[in-house]
$ cat target12.cif   # mmCIF, N, CA and C atoms
data_target
loop_
_atom_site.label_atom_id
_atom_site.label_comp_id
_atom_site.auth_asym_id
_atom_site.auth_seq_id
_atom_site.Cartn_x
_atom_site.Cartn_y
_atom_site.Cartn_z
N MET S 1 -22.55 1.51 -26.33
CA MET S 1 -21.83 0.26 -26.51
C MET S 1 -21.45 -0.31 -25.14
N THR S 2 -21.71 -1.57 -24.94
CA THR S 2 -21.40 -2.22 -23.68
C THR S 2 -19.90 -2.44 -23.55
N GLN S 3 -19.40 -2.09 -22.39
CA GLN S 3 -17.99 -2.34 -22.10
C GLN S 3 -17.88 -3.59 -21.26
N HIS S 4 -16.80 -4.33 -21.48
CA HIS S 4 -16.58 -5.56 -20.74
C HIS S 4 -15.37 -5.41 -19.83
N VAL S 5 -15.36 -6.23 -18.81
CA VAL S 5 -14.28 -6.22 -17.84
C VAL S 5 -12.93 -6.40 -18.53
N ARG S 6 -12.86 -7.29 -19.51
CA ARG S 6 -11.59 -7.57 -20.18
C ARG S 6 -10.98 -6.33 -20.84
N ASP S 7 -11.82 -5.35 -21.18
CA ASP S 7 -11.34 -4.15 -21.85
C ASP S 7 -10.49 -3.26 -20.95
N ILE S 8 -10.67 -3.36 -19.63
CA ILE S 8 -9.93 -2.47 -18.74
C ILE S 8 -9.16 -3.18 -17.63
N MET S 9 -9.35 -4.48 -17.47
CA MET S 9 -8.70 -5.19 -16.37
C MET S 9 -7.19 -5.20 -16.54
N THR S 10 -6.51 -5.39 -15.44
CA THR S 10 -5.08 -5.63 -15.46
C THR S 10 -4.90 -7.13 -15.68
N SER S 11 -4.28 -7.50 -16.78
CA SER S 11 -4.09 -8.91 -17.12
C SER S 11 -2.89 -9.50 -16.39
N ALA S 12 -2.82 -10.80 -16.40
CA ALA S 12 -1.69 -11.54 -15.82
C ALA S 12 -1.40 -11.07 -14.40
N PRO S 13 -2.35 -11.26 -13.48
CA PRO S 13 -2.13 -10.79 -12.12
C PRO S 13 -1.00 -11.55 -11.43
N VAL S 14 -0.33 -10.86 -10.54
CA VAL S 14 0.74 -11.48 -9.76
C VAL S 14 0.08 -12.28 -8.65
N SER S 15 0.62 -13.46 -8.41
CA SER S 15 0.08 -14.29 -7.32
C SER S 15 1.21 -14.81 -6.45
N VAL S 16 0.85 -15.14 -5.22
CA VAL S 16 1.77 -15.72 -4.25
C VAL S 16 1.07 -16.88 -3.58
N GLY S 17 1.84 -17.73 -2.93
CA GLY S 17 1.27 -18.83 -2.16
C GLY S 17 0.88 -18.36 -0.77
N PRO S 18 0.01 -19.10 -0.09
CA PRO S 18 -0.46 -18.69 1.24
C PRO S 18 0.64 -18.68 2.30
N HIS S 19 1.74 -19.37 2.05
CA HIS S 19 2.82 -19.42 3.03
C HIS S 19 3.92 -18.40 2.76
N THR S 20 3.69 -17.51 1.82
CA THR S 20 4.63 -16.44 1.52
C THR S 20 4.60 -15.44 2.66
N SER S 21 5.77 -14.96 3.06
CA SER S 21 5.80 -14.01 4.18
C SER S 21 5.20 -12.67 3.78
N VAL S 22 4.66 -11.99 4.77
CA VAL S 22 4.09 -10.66 4.56
C VAL S 22 5.17 -9.72 4.02
N ALA S 23 6.38 -9.84 4.53
CA ALA S 23 7.48 -8.97 4.07
C ALA S 23 7.78 -9.21 2.60
N GLU S 24 7.79 -10.47 2.18
CA GLU S 24 8.06 -10.76 0.77
C GLU S 24 6.95 -10.22 -0.13
N VAL S 25 5.71 -10.35 0.31
CA VAL S 25 4.60 -9.81 -0.48
C VAL S 25 4.72 -8.29 -0.58
N ALA S 26 5.06 -7.64 0.52
CA ALA S 26 5.23 -6.18 0.51
C ALA S 26 6.34 -5.77 -0.45
N ARG S 27 7.44 -6.50 -0.45
CA ARG S 27 8.53 -6.19 -1.38
C ARG S 27 8.10 -6.39 -2.83
N THR S 28 7.33 -7.43 -3.08
CA THR S 28 6.81 -7.68 -4.43
C THR S 28 5.92 -6.52 -4.87
N MET S 29 5.05 -6.08 -3.98
CA MET S 29 4.17 -4.96 -4.31
C MET S 29 4.99 -3.70 -4.60
N ARG S 30 5.99 -3.46 -3.78
CA ARG S 30 6.84 -2.28 -4.00
C ARG S 30 7.58 -2.37 -5.32
N ASP S 31 8.22 -3.49 -5.55
CA ASP S 31 9.06 -3.65 -6.75
C ASP S 31 8.26 -3.64 -8.04
N ARG S 32 7.03 -4.12 -7.99
CA ARG S 32 6.21 -4.21 -9.20
C ARG S 32 5.12 -3.15 -9.27
N ASP S 33 5.15 -2.23 -8.29
CA ASP S 33 4.18 -1.13 -8.23
C ASP S 33 2.75 -1.65 -8.27
N LEU S 34 2.43 -2.52 -7.30
CA LEU S 34 1.12 -3.15 -7.21
C LEU S 34 0.43 -2.77 -5.91
N GLY S 35 -0.87 -2.72 -5.96
CA GLY S 35 -1.65 -2.49 -4.75
C GLY S 35 -2.31 -3.76 -4.25
N ALA S 36 -2.25 -4.83 -5.05
CA ALA S 36 -2.89 -6.08 -4.67
C ALA S 36 -2.24 -7.25 -5.41
N VAL S 37 -2.22 -8.39 -4.75
CA VAL S 37 -1.79 -9.64 -5.39
C VAL S 37 -2.79 -10.73 -5.00
N LEU S 38 -2.88 -11.72 -5.84
CA LEU S 38 -3.75 -12.86 -5.56
C LEU S 38 -3.00 -13.89 -4.73
N VAL S 39 -3.73 -14.58 -3.87
CA VAL S 39 -3.16 -15.66 -3.07
C VAL S 39 -3.72 -16.95 -3.63
N MET S 40 -2.82 -17.79 -4.13
CA MET S 40 -3.20 -19.06 -4.75
C MET S 40 -2.76 -20.22 -3.88
N ASP S 41 -3.62 -21.19 -3.72
CA ASP S 41 -3.29 -22.42 -3.01
C ASP S 41 -3.36 -23.53 -4.05
N ASP S 42 -2.19 -23.95 -4.53
CA ASP S 42 -2.09 -24.81 -5.70
C ASP S 42 -2.73 -24.07 -6.88
N ASP S 43 -3.76 -24.63 -7.48
CA ASP S 43 -4.42 -23.97 -8.61
C ASP S 43 -5.71 -23.27 -8.21
N ARG S 44 -5.96 -23.17 -6.91
CA ARG S 44 -7.21 -22.59 -6.42
C ARG S 44 -6.96 -21.17 -5.92
N LEU S 45 -7.82 -20.25 -6.35
CA LEU S 45 -7.76 -18.88 -5.86
C LEU S 45 -8.24 -18.86 -4.42
N ARG S 46 -7.34 -18.57 -3.52
CA ARG S 46 -7.67 -18.57 -2.10
C ARG S 46 -8.06 -17.19 -1.59
N GLY S 47 -7.44 -16.15 -2.15
CA GLY S 47 -7.74 -14.82 -1.65
C GLY S 47 -7.06 -13.74 -2.44
N LEU S 48 -7.26 -12.53 -1.97
CA LEU S 48 -6.63 -11.36 -2.53
C LEU S 48 -6.09 -10.56 -1.35
N VAL S 49 -4.88 -10.06 -1.48
CA VAL S 49 -4.31 -9.24 -0.41
C VAL S 49 -3.89 -7.90 -0.99
N THR S 50 -4.26 -6.85 -0.29
CA THR S 50 -3.92 -5.50 -0.70
C THR S 50 -2.85 -4.94 0.23
N ASP S 51 -2.27 -3.83 -0.19
CA ASP S 51 -1.29 -3.17 0.66
C ASP S 51 -1.94 -2.78 2.00
N ARG S 52 -3.17 -2.35 1.94
CA ARG S 52 -3.89 -2.00 3.18
C ARG S 52 -4.10 -3.22 4.06
N ASP S 53 -4.44 -4.36 3.46
CA ASP S 53 -4.60 -5.60 4.23
C ASP S 53 -3.32 -5.94 4.99
N LEU S 54 -2.18 -5.77 4.33
CA LEU S 54 -0.91 -6.08 4.98
C LEU S 54 -0.72 -5.24 6.24
N VAL S 55 -1.10 -3.98 6.17
CA VAL S 55 -0.94 -3.09 7.31
C VAL S 55 -1.96 -3.42 8.41
N VAL S 56 -3.23 -3.47 8.04
CA VAL S 56 -4.29 -3.61 9.03
C VAL S 56 -4.37 -5.02 9.61
N ARG S 57 -4.21 -6.03 8.78
CA ARG S 57 -4.39 -7.41 9.24
C ARG S 57 -3.10 -8.09 9.67
N SER S 58 -1.98 -7.45 9.46
CA SER S 58 -0.72 -8.10 9.80
C SER S 58 0.20 -7.19 10.62
N VAL S 59 0.69 -6.14 10.03
CA VAL S 59 1.67 -5.29 10.71
C VAL S 59 1.10 -4.71 12.01
N ALA S 60 -0.13 -4.23 11.97
CA ALA S 60 -0.74 -3.63 13.16
C ALA S 60 -0.94 -4.63 14.29
N ARG S 61 -0.98 -5.89 13.97
CA ARG S 61 -1.17 -6.93 15.00
C ARG S 61 0.15 -7.35 15.64
N GLY S 62 1.25 -6.87 15.11
CA GLY S 62 2.55 -7.24 15.65
C GLY S 62 3.06 -8.50 14.98
N GLY S 63 4.13 -9.00 15.50
CA GLY S 63 4.73 -10.19 14.90
C GLY S 63 5.77 -9.80 13.87
N ASP S 64 6.57 -10.75 13.51
CA ASP S 64 7.65 -10.55 12.57
C ASP S 64 7.15 -10.71 11.14
N PRO S 65 7.20 -9.64 10.32
CA PRO S 65 6.70 -9.73 8.94
C PRO S 65 7.45 -10.76 8.10
N GLU S 66 8.66 -11.09 8.50
CA GLU S 66 9.41 -12.12 7.76
C GLU S 66 8.91 -13.52 8.09
N GLU S 67 8.27 -13.66 9.25
CA GLU S 67 7.77 -14.96 9.70
C GLU S 67 6.26 -15.12 9.53
N THR S 68 5.54 -14.02 9.50
CA THR S 68 4.08 -14.06 9.36
C THR S 68 3.72 -14.29 7.90
N THR S 69 2.81 -15.22 7.66
CA THR S 69 2.44 -15.52 6.27
C THR S 69 1.24 -14.69 5.83
N VAL S 70 1.10 -14.58 4.54
CA VAL S 70 0.04 -13.78 3.94
C VAL S 70 -1.34 -14.43 4.12
N ALA S 71 -1.37 -15.70 4.49
CA ALA S 71 -2.65 -16.40 4.64
C ALA S 71 -3.57 -15.68 5.63
N GLY S 72 -3.01 -15.11 6.67
CA GLY S 72 -3.81 -14.42 7.67
C GLY S 72 -4.19 -13.00 7.30
N ALA S 73 -3.61 -12.47 6.25
CA ALA S 73 -3.86 -11.08 5.87
C ALA S 73 -4.78 -10.96 4.66
N CYS S 74 -4.98 -12.05 3.93
CA CYS S 74 -5.74 -11.93 2.68
C CYS S 74 -7.24 -12.01 2.92
N SER S 75 -7.99 -11.40 2.03
CA SER S 75 -9.45 -11.51 2.02
C SER S 75 -9.79 -12.83 1.33
N GLU S 76 -10.52 -13.68 2.03
CA GLU S 76 -10.82 -15.00 1.47
C GLU S 76 -12.24 -15.11 0.91
N ASP S 77 -13.14 -14.26 1.35
CA ASP S 77 -14.51 -14.30 0.88
C ASP S 77 -14.61 -13.40 -0.34
N LEU S 78 -14.14 -13.92 -1.48
CA LEU S 78 -13.98 -13.10 -2.67
C LEU S 78 -15.23 -13.00 -3.52
N VAL S 79 -15.37 -11.83 -4.10
CA VAL S 79 -16.34 -11.59 -5.16
C VAL S 79 -15.51 -11.60 -6.43
N THR S 80 -15.96 -12.31 -7.45
CA THR S 80 -15.22 -12.36 -8.71
C THR S 80 -16.14 -11.99 -9.87
N VAL S 81 -15.51 -11.63 -10.97
CA VAL S 81 -16.23 -11.39 -12.22
C VAL S 81 -15.51 -12.15 -13.32
N GLY S 82 -16.19 -12.28 -14.45
CA GLY S 82 -15.58 -12.89 -15.62
C GLY S 82 -15.12 -11.82 -16.58
N PRO S 83 -14.19 -12.13 -17.45
CA PRO S 83 -13.69 -11.13 -18.39
C PRO S 83 -14.76 -10.63 -19.37
N ASP S 84 -15.77 -11.44 -19.64
CA ASP S 84 -16.82 -11.03 -20.56
C ASP S 84 -18.01 -10.40 -19.87
N ASP S 85 -17.94 -10.25 -18.53
CA ASP S 85 -19.02 -9.57 -17.82
C ASP S 85 -19.03 -8.09 -18.20
N ASP S 86 -20.21 -7.51 -18.14
CA ASP S 86 -20.34 -6.07 -18.36
C ASP S 86 -19.62 -5.33 -17.25
N LEU S 87 -19.02 -4.22 -17.60
CA LEU S 87 -18.34 -3.39 -16.62
C LEU S 87 -19.31 -2.91 -15.55
N ASP S 88 -20.55 -2.68 -15.93
CA ASP S 88 -21.56 -2.24 -14.97
C ASP S 88 -21.76 -3.29 -13.87
N ARG S 89 -21.64 -4.56 -14.20
CA ARG S 89 -21.77 -5.62 -13.19
C ARG S 89 -20.63 -5.52 -12.19
N ALA S 90 -19.42 -5.28 -12.67
CA ALA S 90 -18.27 -5.14 -11.78
C ALA S 90 -18.48 -3.96 -10.84
N VAL S 91 -18.96 -2.85 -11.37
CA VAL S 91 -19.22 -1.66 -10.55
C VAL S 91 -20.27 -1.98 -9.49
N ARG S 92 -21.33 -2.64 -9.89
CA ARG S 92 -22.40 -3.00 -8.96
C ARG S 92 -21.88 -3.89 -7.83
N LEU S 93 -21.06 -4.88 -8.18
CA LEU S 93 -20.50 -5.78 -7.15
C LEU S 93 -19.56 -5.04 -6.20
N MET S 94 -18.76 -4.13 -6.74
CA MET S 94 -17.88 -3.34 -5.88
C MET S 94 -18.68 -2.52 -4.88
N ARG S 95 -19.76 -1.93 -5.35
CA ARG S 95 -20.62 -1.16 -4.45
C ARG S 95 -21.26 -2.05 -3.39
N GLU S 96 -21.87 -3.15 -3.83
CA GLU S 96 -22.58 -4.05 -2.92
C GLU S 96 -21.67 -4.62 -1.85
N HIS S 97 -20.44 -4.92 -2.21
CA HIS S 97 -19.53 -5.59 -1.28
C HIS S 97 -18.47 -4.66 -0.71
N ALA S 98 -18.53 -3.38 -1.06
CA ALA S 98 -17.60 -2.36 -0.57
C ALA S 98 -16.15 -2.79 -0.76
N VAL S 99 -15.81 -3.17 -1.99
CA VAL S 99 -14.44 -3.55 -2.33
C VAL S 99 -13.94 -2.67 -3.46
N ARG S 100 -12.63 -2.52 -3.52
CA ARG S 100 -12.01 -1.66 -4.54
C ARG S 100 -11.38 -2.46 -5.67
N ARG S 101 -11.18 -3.76 -5.44
CA ARG S 101 -10.56 -4.62 -6.45
C ARG S 101 -11.30 -5.95 -6.50
N VAL S 102 -11.45 -6.47 -7.72
CA VAL S 102 -12.16 -7.74 -7.90
C VAL S 102 -11.34 -8.62 -8.84
N PRO S 103 -11.03 -9.85 -8.41
CA PRO S 103 -10.35 -10.77 -9.31
C PRO S 103 -11.24 -11.12 -10.51
N VAL S 104 -10.60 -11.27 -11.65
CA VAL S 104 -11.30 -11.67 -12.88
C VAL S 104 -10.94 -13.13 -13.13
N VAL S 105 -11.96 -13.98 -13.19
CA VAL S 105 -11.76 -15.42 -13.28
C VAL S 105 -12.42 -15.95 -14.54
N GLU S 106 -11.70 -16.83 -15.23
CA GLU S 106 -12.23 -17.47 -16.43
C GLU S 106 -11.89 -18.95 -16.36
N GLY S 107 -12.91 -19.78 -16.46
CA GLY S 107 -12.68 -21.22 -16.39
C GLY S 107 -12.06 -21.65 -15.08
N GLY S 108 -12.41 -20.95 -14.00
CA GLY S 108 -11.89 -21.29 -12.69
C GLY S 108 -10.49 -20.78 -12.40
N ARG S 109 -9.87 -20.08 -13.35
CA ARG S 109 -8.50 -19.57 -13.18
C ARG S 109 -8.49 -18.05 -13.23
N PRO S 110 -7.73 -17.42 -12.35
CA PRO S 110 -7.65 -15.96 -12.40
C PRO S 110 -6.88 -15.50 -13.64
N VAL S 111 -7.45 -14.51 -14.32
CA VAL S 111 -6.83 -13.97 -15.53
C VAL S 111 -6.58 -12.47 -15.43
N GLY S 112 -7.03 -11.86 -14.33
CA GLY S 112 -6.84 -10.44 -14.17
C GLY S 112 -7.43 -9.92 -12.88
N ILE S 113 -7.29 -8.61 -12.71
CA ILE S 113 -7.91 -7.90 -11.59
C ILE S 113 -8.47 -6.62 -12.18
N VAL S 114 -9.68 -6.26 -11.76
CA VAL S 114 -10.25 -4.98 -12.15
C VAL S 114 -10.39 -4.15 -10.88
N SER S 115 -9.96 -2.90 -10.96
CA SER S 115 -9.98 -2.05 -9.78
C SER S 115 -10.85 -0.83 -9.98
N LEU S 116 -11.18 -0.21 -8.88
CA LEU S 116 -11.93 1.03 -8.92
C LEU S 116 -11.17 2.07 -9.72
N GLY S 117 -9.85 2.08 -9.60
CA GLY S 117 -9.03 3.01 -10.37
C GLY S 117 -9.12 2.75 -11.86
N ASP S 118 -9.15 1.46 -12.26
CA ASP S 118 -9.30 1.12 -13.68
C ASP S 118 -10.62 1.68 -14.22
N ILE S 119 -11.67 1.52 -13.42
CA ILE S 119 -12.98 1.99 -13.84
C ILE S 119 -13.01 3.51 -13.91
N ALA S 120 -12.41 4.16 -12.93
CA ALA S 120 -12.36 5.62 -12.94
C ALA S 120 -11.63 6.14 -14.16
N MET S 121 -10.52 5.50 -14.51
CA MET S 121 -9.76 5.92 -15.69
C MET S 121 -10.57 5.73 -16.96
N GLU S 122 -11.35 4.68 -17.02
CA GLU S 122 -12.15 4.40 -18.22
C GLU S 122 -13.34 5.35 -18.33
N ARG S 123 -14.00 5.57 -17.23
CA ARG S 123 -15.24 6.35 -17.24
C ARG S 123 -15.02 7.86 -17.15
N ASP S 124 -14.02 8.28 -16.39
CA ASP S 124 -13.79 9.72 -16.21
C ASP S 124 -12.32 9.98 -15.89
N PRO S 125 -11.46 9.92 -16.91
CA PRO S 125 -10.02 10.06 -16.67
C PRO S 125 -9.61 11.41 -16.10
N GLU S 126 -10.49 12.41 -16.21
CA GLU S 126 -10.18 13.74 -15.67
C GLU S 126 -10.61 13.89 -14.21
N SER S 127 -11.25 12.87 -13.65
CA SER S 127 -11.70 12.95 -12.26
C SER S 127 -10.51 12.88 -11.32
N ALA S 128 -10.73 13.27 -10.08
CA ALA S 128 -9.67 13.18 -9.08
C ALA S 128 -9.20 11.73 -8.92
N LEU S 129 -10.13 10.78 -8.88
CA LEU S 129 -9.75 9.37 -8.75
C LEU S 129 -8.97 8.90 -9.96
N GLY S 130 -9.37 9.36 -11.14
CA GLY S 130 -8.63 9.02 -12.35
C GLY S 130 -7.22 9.54 -12.30
N ASP S 131 -7.05 10.80 -11.88
CA ASP S 131 -5.72 11.40 -11.76
C ASP S 131 -4.85 10.64 -10.76
N ILE S 132 -5.43 10.32 -9.61
CA ILE S 132 -4.69 9.60 -8.57
C ILE S 132 -4.31 8.20 -9.05
N SER S 133 -5.19 7.56 -9.79
CA SER S 133 -4.96 6.20 -10.25
C SER S 133 -3.78 6.07 -11.20
N VAL S 134 -3.50 7.11 -11.97
CA VAL S 134 -2.37 7.03 -12.91
C VAL S 134 -1.10 7.64 -12.35
N ALA S 135 -1.20 8.31 -11.21
CA ALA S 135 -0.02 8.94 -10.62
C ALA S 135 0.94 7.89 -10.09
N ARG S 136 2.22 8.10 -10.32
CA ARG S 136 3.25 7.21 -9.79
C ARG S 136 3.48 7.55 -8.33
N PRO S 137 3.67 6.55 -7.47
CA PRO S 137 3.91 6.85 -6.06
C PRO S 137 5.25 7.53 -5.86
N ASN S 138 5.30 8.37 -4.86
CA ASN S 138 6.58 9.01 -4.48
C ASN S 138 7.37 8.01 -3.65
N THR S 139 8.58 7.75 -4.07
CA THR S 139 9.41 6.81 -3.30
C THR S 139 10.68 7.46 -2.83
#

$ encode --input "target12.cif" --output "structure tokens"
Amino acid sequence: MTQHVRDIMTSAPVSVGPHTSVAEVARTMRDRDLGAVLVMDDDRLRGLVTDRDLVVRSVARGGDPEETTVAGACSEDLVTVGPDDDLDRAVRLMREHAVRRVPVVEGGRPVGIVSLGDIAMERDPESALGDISVARPNT
């Protein structure tokens, strides 16, 4: 039986504007236990920013995280899938583009995010990646 992206994606993704500070995005990720948020410019999907992006593209470069905006930290050359796409297509795109998360877009609007962890949990919940994906972070 064919599985679709909608069956495992995280629905109702959190989004921020491009002028949101890196610090505010980091607090949102912490408070909502997220590894990624979408960056929206009005109604247009501008990018995706991960916790790793915040560190590598922003914090490591210096500057004040309260003053630096997420626009410079987000990935803008996005690969997207639709909710009715086969899960195998999402896996193939992740491999081809070496990404761990892909926005799910329907009718030009983001409706979810599918992650490597989501796929691991669906395909092999007993795997190390599956175990790590469901583990709560130590705070």

$ residues_near_point --input "target12.cif" --point "(-14.9, -12.0, -7.5)" --cutoff "8 Å" --atoms "only N, CA and C atoms" --output "JSON, numbers by chain"
{"S": [77, 78, 79, 80, 81, 82, 101, 102, 103, 104, 105]}

$ axis_aligned_box --input "target12.cif" --around "region 33-36 of chain S" --padding-each-side "8 Å" --output "AutoDock Vina command-line options"
--center_x 1.1 --center_y -4.2 --center_z -6.3 --size_x 24.0 --size_y 22.1 --size_z 20.0

$ residues_around --input "target12.cif" --residues "region 17-21 of chain S" --least-positions-apart "5" --cutoff "8 Å" --atoms "only C-alpha atoms" --output "list in words"
Val39, Met40, Asp41, Asp42, Arg46, Pro65, Glu66, Glu67, Thr68, Thr69, Val70 and Ala71 of chain S

$ residues_around --input "target12.cif" --residues "Ala36 (chain S)" --least-positions-apart "5" --cutoff "6.5 Å" --atoms "all atoms listed in the file" --output "ChimeraX atom specification"
/S:14,29,48-51

$ write_last_selection --input "target12.cif" --atoms "N, CA and C atoms" --output "PDB file, in the frame of the given file"
ATOM      1  N   VAL S  14      -0.330 -10.860 -10.540  1.00  0.00           N
ATOM      2  CA  VAL S  14       0.740 -11.480  -9.760  1.00  0.00           C
ATOM      3  C   VAL S  14       0.080 -12.280  -8.650  1.00  0.00           C
ATOM      4  N   MET S  29       5.050  -6.080  -3.980  1.00  0.00           N
ATOM      5  CA  MET S  29       4.170  -4.960  -4.310  1.00  0.00           C
ATOM      6  C   MET S  29       4.990  -3.700  -4.600  1.00  0.00           C
ATOM      7  N   LEU S  48      -7.260 -12.530  -1.970  1.00  0.00           N
ATOM      8  CA  LEU S  48      -6.630 -11.360  -2.530  1.00  0.00           C
ATOM      9  C   LEU S  48      -6.090 -10.560  -1.350  1.00  0.00           C
ATOM     10  N   VAL S  49      -4.880 -10.060  -1.480  1.00  0.00           N
ATOM     11  CA  VAL S  49      -4.310  -9.240  -0.410  1.00  0.00           C
ATOM     12  C   VAL S  49      -3.890  -7.900  -0.990  1.00  0.00           C
ATOM     13  N   THR S  50      -4.260  -6.850  -0.290  1.00  0.00           N
ATOM     14  CA  THR S  50      -3.920  -5.500  -0.700  1.00  0.00           C
ATOM     15  C   THR S  50      -2.850  -4.940   0.230  1.00  0.00           C
ATOM     16  N   ASP S  51      -2.270  -3.830  -0.190  1.00  0.00           N
ATOM     17  CA  ASP S  51      -1.290  -3.170   0.660  1.00  0.00           C
ATOM     18  C   ASP S  51      -1.940  -2.780   2.000  1.00  0.00           C
TER      19      ASP S  51
END

$ select_by_dssp --input "target12.cif" --residues "region 2-137 of chain S" --states "alpha helix (DSSP H)" --output "JSON, numbers by chain"
{"S": [22, 23, 24, 25, 26, 27, 28, 29, 30, 31, 32, 51, 52, 53, 54, 55, 56, 57, 87, 88, 89, 90, 91, 92, 93, 94, 95, 96, 97, 116, 117, 118, 119, 120, 121, 122, 123, 128, 129, 130, 131, 132, 133, 134]}

$ write_last_selection --input "target12.cif" --atoms "N, CA and C atoms" --output "compact mmCIF listing (two decimals), in the coordinates of the input"
# COMPACT_ATOMS: atom_id res chain seq x y z
N VAL S 22 4.66 -11.99 4.77
CA VAL S 22 4.09 -10.66 4.56
C VAL S 22 5.17 -9.72 4.02
N ALA S 23 6.38 -9.84 4.53
CA ALA S 23 7.48 -8.97 4.07
C ALA S 23 7.78 -9.21 2.60
N GLU S 24 7.79 -10.47 2.18
CA GLU S 24 8.06 -10.76 0.77
C GLU S 24 6.95 -10.22 -0.13
N VAL S 25 5.71 -10.35 0.31
CA VAL S 25 4.60 -9.81 -0.48
C VAL S 25 4.72 -8.29 -0.58
N ALA S 26 5.06 -7.64 0.52
CA ALA S 26 5.23 -6.18 0.51
C ALA S 26 6.34 -5.77 -0.45
N ARG S 27 7.44 -6.50 -0.45
CA ARG S 27 8.53 -6.19 -1.38
C ARG S 27 8.10 -6.39 -2.83
N THR S 28 7.33 -7.43 -3.08
CA THR S 28 6.81 -7.68 -4.43
C THR S 28 5.92 -6.52 -4.87
N MET S 29 5.05 -6.08 -3.98
CA MET S 29 4.17 -4.96 -4.31
C MET S 29 4.99 -3.70 -4.60
N ARG S 30 5.99 -3.46 -3.78
CA ARG S 30 6.84 -2.28 -4.00
C ARG S 30 7.58 -2.37 -5.32
N ASP S 31 8.22 -3.49 -5.55
CA ASP S 31 9.06 -3.65 -6.75
C ASP S 31 8.26 -3.64 -8.04
N ARG S 32 7.03 -4.12 -7.99
CA ARG S 32 6.21 -4.21 -9.20
C ARG S 32 5.12 -3.15 -9.27
N ASP S 51 -2.27 -3.83 -0.19
CA ASP S 51 -1.29 -3.17 0.66
C ASP S 51 -1.94 -2.78 2.00
N ARG S 52 -3.17 -2.35 1.94
CA ARG S 52 -3.89 -2.00 3.18
C ARG S 52 -4.10 -3.22 4.06
N ASP S 53 -4.44 -4.36 3.46
CA ASP S 53 -4.60 -5.60 4.23
C ASP S 53 -3.32 -5.94 4.99
N LEU S 54 -2.18 -5.77 4.33
CA LEU S 54 -0.91 -6.08 4.98
C LEU S 54 -0.72 -5.24 6.24
N VAL S 55 -1.10 -3.98 6.17
CA VAL S 55 -0.94 -3.09 7.31
C VAL S 55 -1.96 -3.42 8.41
N VAL S 56 -3.23 -3.47 8.04
CA VAL S 56 -4.29 -3.61 9.03
C VAL S 56 -4.37 -5.02 9.61
N ARG S 57 -4.21 -6.03 8.78
CA ARG S 57 -4.39 -7.41 9.24
C ARG S 57 -3.10 -8.09 9.67
N LEU S 87 -19.02 -4.22 -17.60
CA LEU S 87 -18.34 -3.39 -16.62
C LEU S 87 -19.31 -2.91 -15.55
N ASP S 88 -20.55 -2.68 -15.93
CA ASP S 88 -21.56 -2.24 -14.97
C ASP S 88 -21.76 -3.29 -13.87
N ARG S 89 -21.64 -4.56 -14.20
CA ARG S 89 -21.77 -5.62 -13.19
C ARG S 89 -20.63 -5.52 -12.19
N ALA S 90 -19.42 -5.28 -12.67
CA ALA S 90 -18.27 -5.14 -11.78
C ALA S 90 -18.48 -3.96 -10.84
N VAL S 91 -18.96 -2.85 -11.37
CA VAL S 91 -19.22 -1.66 -10.55
C VAL S 91 -20.27 -1.98 -9.49
N ARG S 92 -21.33 -2.64 -9.89
CA ARG S 92 -22.40 -3.00 -8.96
C ARG S 92 -21.88 -3.89 -7.83
N LEU S 93 -21.06 -4.88 -8.18
CA LEU S 93 -20.50 -5.78 -7.15
C LEU S 93 -19.56 -5.04 -6.20
N MET S 94 -18.76 -4.13 -6.74
CA MET S 94 -17.88 -3.34 -5.88
C MET S 94 -18.68 -2.52 -4.88
N ARG S 95 -19.76 -1.93 -5.35
CA ARG S 95 -20.62 -1.16 -4.45
C ARG S 95 -21.26 -2.05 -3.39
N GLU S 96 -21.87 -3.15 -3.83
CA GLU S 96 -22.58 -4.05 -2.92
C GLU S 96 -21.67 -4.62 -1.85
N HIS S 97 -20.44 -4.92 -2.21
CA HIS S 97 -19.53 -5.59 -1.28
C HIS S 97 -18.47 -4.66 -0.71
N LEU S 116 -11.18 -0.21 -8.88
CA LEU S 116 -11.93 1.03 -8.92
C LEU S 116 -11.17 2.07 -9.72
N GLY S 117 -9.85 2.08 -9.60
CA GLY S 117 -9.03 3.01 -10.37
C GLY S 117 -9.12 2.75 -11.86
N ASP S 118 -9.15 1.46 -12.26
CA ASP S 118 -9.30 1.12 -13.68
C ASP S 118 -10.62 1.68 -14.22
N ILE S 119 -11.67 1.52 -13.42
CA ILE S 119 -12.98 1.99 -13.84
C ILE S 119 -13.01 3.51 -13.91
N ALA S 120 -12.41 4.16 -12.93
CA ALA S 120 -12.36 5.62 -12.94
C ALA S 120 -11.63 6.14 -14.16
N MET S 121 -10.52 5.50 -14.51
CA MET S 121 -9.76 5.92 -15.69
C MET S 121 -10.57 5.73 -16.96
N GLU S 122 -11.35 4.68 -17.02
CA GLU S 122 -12.15 4.40 -18.22
C GLU S 122 -13.34 5.35 -18.33
N ARG S 123 -14.00 5.57 -17.23
CA ARG S 123 -15.24 6.35 -17.24
C ARG S 123 -15.02 7.86 -17.15
N ALA S 128 -10.73 13.27 -10.08
CA ALA S 128 -9.67 13.18 -9.08
C ALA S 128 -9.20 11.73 -8.92
N LEU S 129 -10.13 10.78 -8.88
CA LEU S 129 -9.75 9.37 -8.75
C LEU S 129 -8.97 8.90 -9.96
N GLY S 130 -9.37 9.36 -11.14
CA GLY S 130 -8.63 9.02 -12.35
C GLY S 130 -7.22 9.54 -12.30
N ASP S 131 -7.05 10.80 -11.88
CA ASP S 131 -5.72 11.40 -11.76
C ASP S 131 -4.85 10.64 -10.76
N ILE S 132 -5.43 10.32 -9.61
CA ILE S 132 -4.69 9.60 -8.57
C ILE S 132 -4.31 8.20 -9.05
N SER S 133 -5.19 7.56 -9.79
CA SER S 133 -4.96 6.20 -10.25
C SER S 133 -3.78 6.07 -11.20
N VAL S 134 -3.50 7.11 -11.97
CA VAL S 134 -2.37 7.03 -12.91
C VAL S 134 -1.10 7.64 -12.35

$ atom_distance --input "target12.cif" --atom1 "atom C of Pro83 (chain S)" --atom2 "atom N of Thr28 (chain S)"
27.6 Å
